[in-house]
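All remarks here apply to the structure that follows.
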Protein chains: 2
Amino acid sequence: MLTLPSWRASFPGLAGISEQVSRLLDRKAHTTKLRQGTVIFGPGSPAENLLLLVSGTVRVQQLSEAGREIVLYRVHSGESCVLTTACLLAFEDYSAEGIAETDVEAVLIPRDDFDELMSLSKEFRAFVFEAYSKRITDLFLVIEEIAFKRMDIRVAQKLLALMGDDKTLHLTHQKFAIELGTAREVVSRQLKEFERRGWLNLSRGTIELTDPNSIRRLAETP
Amino acid sequence: MLTLPSWRASFPGLAGISEQVSRLLDRKAHTTKLRQGTVIFGPGSPAENLLLLVSGTVRVQQLSEAGREIVLYRVHSGESCVLTTACLLAFEDYSAEGIAETDVEAVLIPRDDFDELMSLSKEFRAFVFEAYSKRITDLFLVIEEIAFKRMDIRVAQKLLALMGDDKTLHLTHQKFAIELGTAREVVSRQLKEFERRGWLNLSRGTIELTDPNSIRRLAETP
DNA sequence: GCTGCGTCGGTGAGTTTGTCACAAAGCCGC
DNA sequence: GCGGCTTTGTGACAAACTCACCGACGCAGC
């Protein structure tokens, strides 16, 4: 029986791989730590590795020419940053970037080793395609929301999604607006309206949800 | 030297594969024809095959709960419908559907054979990931446009993108609106405005571009 | 031809969202 | 307390979406 490096425990999708492949993986994978705020990939610095997140989160966002931004999705611990692998190979001119939102521990698999693993292991292929699938459905969801959903509902949903256990968010209205790909004023007004309804308290840099149930009710209106 | 089936000429990305893999591909690949309007995959009918388009086009669009729609991208001849392969494996509850926009000739590669090809051929893997890359950048572009671009510019761009050599489009305003994920009235008004400016002529079911250069100038404003 | 019917396009009114400009309030270092 | 910076608030306006409805067109059946 093999002794697995500890990071492997975070990736149940890799549990079924053969002993041979497991050894290859251990030999090729580098563990790294990234500071909060590190730009992992982006315009001008294409990704050269498949990234497996052991701890922390990575935020992937899109930049527009006009300087506006939108958060596309987040990669959490136990997940991989697969979309970049596709973009490893071809078009480097995509305008998305990945940023370490917290301090991050990650495992890096270089491009060539990634390819070898894809060749050798059915389980690894399944792992990769499943990750792709999740990201792509996330993107479809983003498109559906910005194209069709009302802003008040989107704000309510995002409040709940970003809320910690203490029901409090620590971010500026500007950053919240980027989450939704909209303008700061729109978010400010909407939050003010929620405050008038007694659903939350606003102060500089924090949003405290006082009535999450009402917010949830709005978020779940079809 | 092998004699390749004629469909292989459409896929330069597969030119470099080895003889062994080439034989496998020929043995496993089924050619089919699909009638215009056929739903290739969609809610309730997940894709079971990788699709390589030999001729015709496939339109992939998203349906919202409220009944609104948006065109995500098109697959043209010489391209493959790879995003569905990811979704082969996992989440079946995505609300996108693929429709044969014209009569279509396609080559089908069943899931298991797809997996075997991924295992055997570096070139096949490169082909698949390049296709992924293109689709994903397409999706990023869609997000950028619906989130940040003005409607008049998007209408102008779409007119040029859908224009045939005869500078004429044959579709209803409703269908044009679905291309952009917006409402029919918005498109109708915008087209009417373009007609007032003398850029095009409208009649029931057709749009005739009389001044494509002006339209292009608008489409290219940053 | 004419009639009826379904589809397609046009339009006004009201709401929501985005843009712009600027003011007010909070925070920090001095 | 005082400047300087960041964050939030707000009014006015423009753009986009929604809703309701009507008229115009095209076609099948008479």
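Chains: A, B, ... in order of the structure tokens. Residues: from 1 per chain. Ligands: from 1, in order shown.
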Per residue of chain B within 9 Å of chain C, which atom pair is closest and at what distance in Å (one decimal), using only C-alpha atoms (C1' of nucleotides), listed by chain and increasing number, as a tab-separated table?
```
residue	atom	partner	partner_atom	distance
B:Thr172	CA	C:DC8	C1'	7.5
B:His173	CA	C:DG9	C1'	7.9
B:Gln174	CA	C:DC8	C1'	8.8
B:Glu185	CA	C:DG10	C1'	8.6
B:Ser188	CA	C:DG9	C1'	7.3
B:Arg189	CA	C:DG10	C1'	8.2
B:Arg204	CA	C:DC8	C1'	6.8
B:Gly205	CA	C:DC8	C1'	7.9
```
Selection export as an mmCIF file, in the first residue's frame, atoms kept: N, CA and C atoms:
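Output file out.cif is given in full below:
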```cif
data_model
loop_
_atom_site.group_PDB
_atom_site.id
_atom_site.type_symbol
_atom_site.label_atom_id
_atom_site.label_comp_id
_atom_site.auth_asym_id
_atom_site.auth_seq_id
_atom_site.Cartn_x
_atom_site.Cartn_y
_atom_site.Cartn_z
ATOM 1 N N THR B 172 -36.955 36.561 -38.459
ATOM 2 C CA THR B 172 -37.891 37.488 -37.826
ATOM 3 C C THR B 172 -37.173 38.273 -36.742
ATOM 4 N N HIS B 173 -37.781 39.374 -36.330
ATOM 5 C CA HIS B 173 -37.206 40.165 -35.242
ATOM 6 C C HIS B 173 -37.109 39.335 -33.973
ATOM 7 N N GLN B 174 -38.087 38.476 -33.772
ATOM 8 C CA GLN B 174 -38.060 37.611 -32.589
ATOM 9 C C GLN B 174 -36.805 36.754 -32.568
ATOM 10 N N GLU B 185 -39.078 43.768 -28.886
ATOM 11 C CA GLU B 185 -39.332 45.200 -29.066
ATOM 12 C C GLU B 185 -38.036 45.996 -29.154
ATOM 13 N N SER B 188 -36.647 45.453 -32.581
ATOM 14 C CA SER B 188 -37.479 46.118 -33.591
ATOM 15 C C SER B 188 -37.193 47.616 -33.624
ATOM 16 N N ARG B 189 -37.170 48.221 -32.432
ATOM 17 C CA ARG B 189 -36.932 49.662 -32.371
ATOM 18 C C ARG B 189 -35.555 50.021 -32.918
ATOM 19 N N ARG B 204 -41.131 42.212 -43.948
ATOM 20 C CA ARG B 204 -41.532 41.052 -43.150
ATOM 21 C C ARG B 204 -40.578 39.872 -43.327
ATOM 22 N N GLY B 205 -39.824 39.553 -42.286
ATOM 23 C CA GLY B 205 -38.963 38.371 -42.319
ATOM 24 C C GLY B 205 -37.602 38.568 -42.954
#
```
- Task: May I ask you to extract the residues of chain B within 9 Å of chain A, using only C-alpha atoms, and to give them as a PyMOL selection string?
- Result: chain B and resi 62-66+68-70+72+83-91+94-96+115-116+118-122+125-126+128-134+136-137+139-144+146-148+181-182+222
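In chain D, the set of residues within 12 Å of chain A (atoms considered: only C-alpha atoms (C1' of nucleotides)) is D:DT6, D:DT7, D:DT8, D:DG9, D:DT10, D:DA16, D:DC17, D:DT18.
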May I have the selected residues written with N, CA, C and O atoms (P, O5', C5', C4', C3', O3' and C1' of nucleotides), as an mmCIF file, in the first residue's frame?
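out-v1.cif written:
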```cif
data_model
loop_
_atom_site.group_PDB
_atom_site.id
_atom_site.type_symbol
_atom_site.label_atom_id
_atom_site.label_comp_id
_atom_site.auth_asym_id
_atom_site.auth_seq_id
_atom_site.Cartn_x
_atom_site.Cartn_y
_atom_site.Cartn_z
ATOM 1 P P DT D 6 -7.604 56.705 -2.889
ATOM 2 O "O5'" DT D 6 -8.804 56.131 -2.047
ATOM 3 C "C5'" DT D 6 -8.530 55.468 -0.816
ATOM 4 C "C4'" DT D 6 -9.846 55.127 -0.146
ATOM 5 C "C3'" DT D 6 -10.823 54.379 -1.060
ATOM 6 O "O3'" DT D 6 -11.311 53.261 -0.342
ATOM 7 C "C1'" DT D 6 -11.861 56.268 -0.082
ATOM 8 P P DT D 7 -12.210 52.132 -1.027
ATOM 9 O "O5'" DT D 7 -13.671 52.541 -0.555
ATOM 10 C "C5'" DT D 7 -13.941 52.605 0.835
ATOM 11 C "C4'" DT D 7 -15.280 53.265 1.058
ATOM 12 C "C3'" DT D 7 -16.437 52.656 0.260
ATOM 13 O "O3'" DT D 7 -17.353 52.128 1.191
ATOM 14 C "C1'" DT D 7 -16.497 55.029 0.237
ATOM 15 P P DT D 8 -18.689 51.364 0.702
ATOM 16 O "O5'" DT D 8 -19.732 52.576 0.667
ATOM 17 C "C5'" DT D 8 -20.069 53.226 1.879
ATOM 18 C "C4'" DT D 8 -20.986 54.393 1.599
ATOM 19 C "C3'" DT D 8 -22.302 54.051 0.894
ATOM 20 O "O3'" DT D 8 -23.348 54.513 1.724
ATOM 21 C "C1'" DT D 8 -21.296 55.945 -0.084
ATOM 22 P P DG D 9 -24.865 54.418 1.266
ATOM 23 O "O5'" DG D 9 -25.108 55.882 0.687
ATOM 24 C "C5'" DG D 9 -25.094 56.982 1.570
ATOM 25 C "C4'" DG D 9 -25.697 58.196 0.880
ATOM 26 C "C3'" DG D 9 -27.047 57.946 0.182
ATOM 27 O "O3'" DG D 9 -27.902 59.037 0.508
ATOM 28 C "C1'" DG D 9 -25.490 58.811 -1.375
ATOM 29 P P DT D 10 -29.427 59.013 0.098
ATOM 30 O "O5'" DT D 10 -29.447 59.918 -1.213
ATOM 31 C "C5'" DT D 10 -28.611 61.048 -1.272
ATOM 32 C "C4'" DT D 10 -28.813 61.758 -2.605
ATOM 33 C "C3'" DT D 10 -30.078 61.353 -3.382
ATOM 34 O "O3'" DT D 10 -30.637 62.518 -3.926
ATOM 35 C "C1'" DT D 10 -28.217 61.139 -4.764
ATOM 36 P P DA D 16 -29.107 50.500 -25.070
ATOM 37 O "O5'" DA D 16 -30.148 49.698 -24.174
ATOM 38 C "C5'" DA D 16 -29.697 49.168 -22.923
ATOM 39 C "C4'" DA D 16 -30.849 48.470 -22.257
ATOM 40 C "C3'" DA D 16 -31.586 47.475 -23.157
ATOM 41 O "O3'" DA D 16 -31.525 46.223 -22.505
ATOM 42 C "C1'" DA D 16 -33.100 48.902 -22.008
ATOM 43 P P DC D 17 -32.321 44.941 -23.024
ATOM 44 O "O5'" DC D 17 -33.654 44.985 -22.153
ATOM 45 C "C5'" DC D 17 -33.553 44.891 -20.736
ATOM 46 C "C4'" DC D 17 -34.948 44.892 -20.152
ATOM 47 C "C3'" DC D 17 -35.905 43.865 -20.772
ATOM 48 O "O3'" DC D 17 -36.443 43.101 -19.702
ATOM 49 C "C1'" DC D 17 -36.912 46.008 -20.668
ATOM 50 P P DT D 18 -37.568 41.954 -19.969
ATOM 51 O "O5'" DT D 18 -38.918 42.740 -19.720
ATOM 52 C "C5'" DT D 18 -39.109 43.397 -18.482
ATOM 53 C "C4'" DT D 18 -40.538 43.891 -18.403
ATOM 54 C "C3'" DT D 18 -41.590 42.912 -18.933
ATOM 55 O "O3'" DT D 18 -42.570 42.787 -17.919
ATOM 56 C "C1'" DT D 18 -41.870 45.048 -19.922
#
```
- Spatial neighbours of stretch 4-12 of chain B, 8 Å, only C-alpha atoms (C1' of nucleotides), chain gap at least 4 places, as a PyMOL selection string: chain B and resi 26+54+77-79
- Item | Per-residue DSSP, stretch 15-80 of chain A, filtered to strand (DSSP E or B), as a ChimeraX atom specification | /A:30-34,39-42,45,49-55,58-63,69-75,80
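Using only C-alpha atoms for every distance, the candidate list A:Arg216, A:Arg111, A:Lys167, A:Arg197 yields A:Arg111 as the residue closest to A:Ala29.
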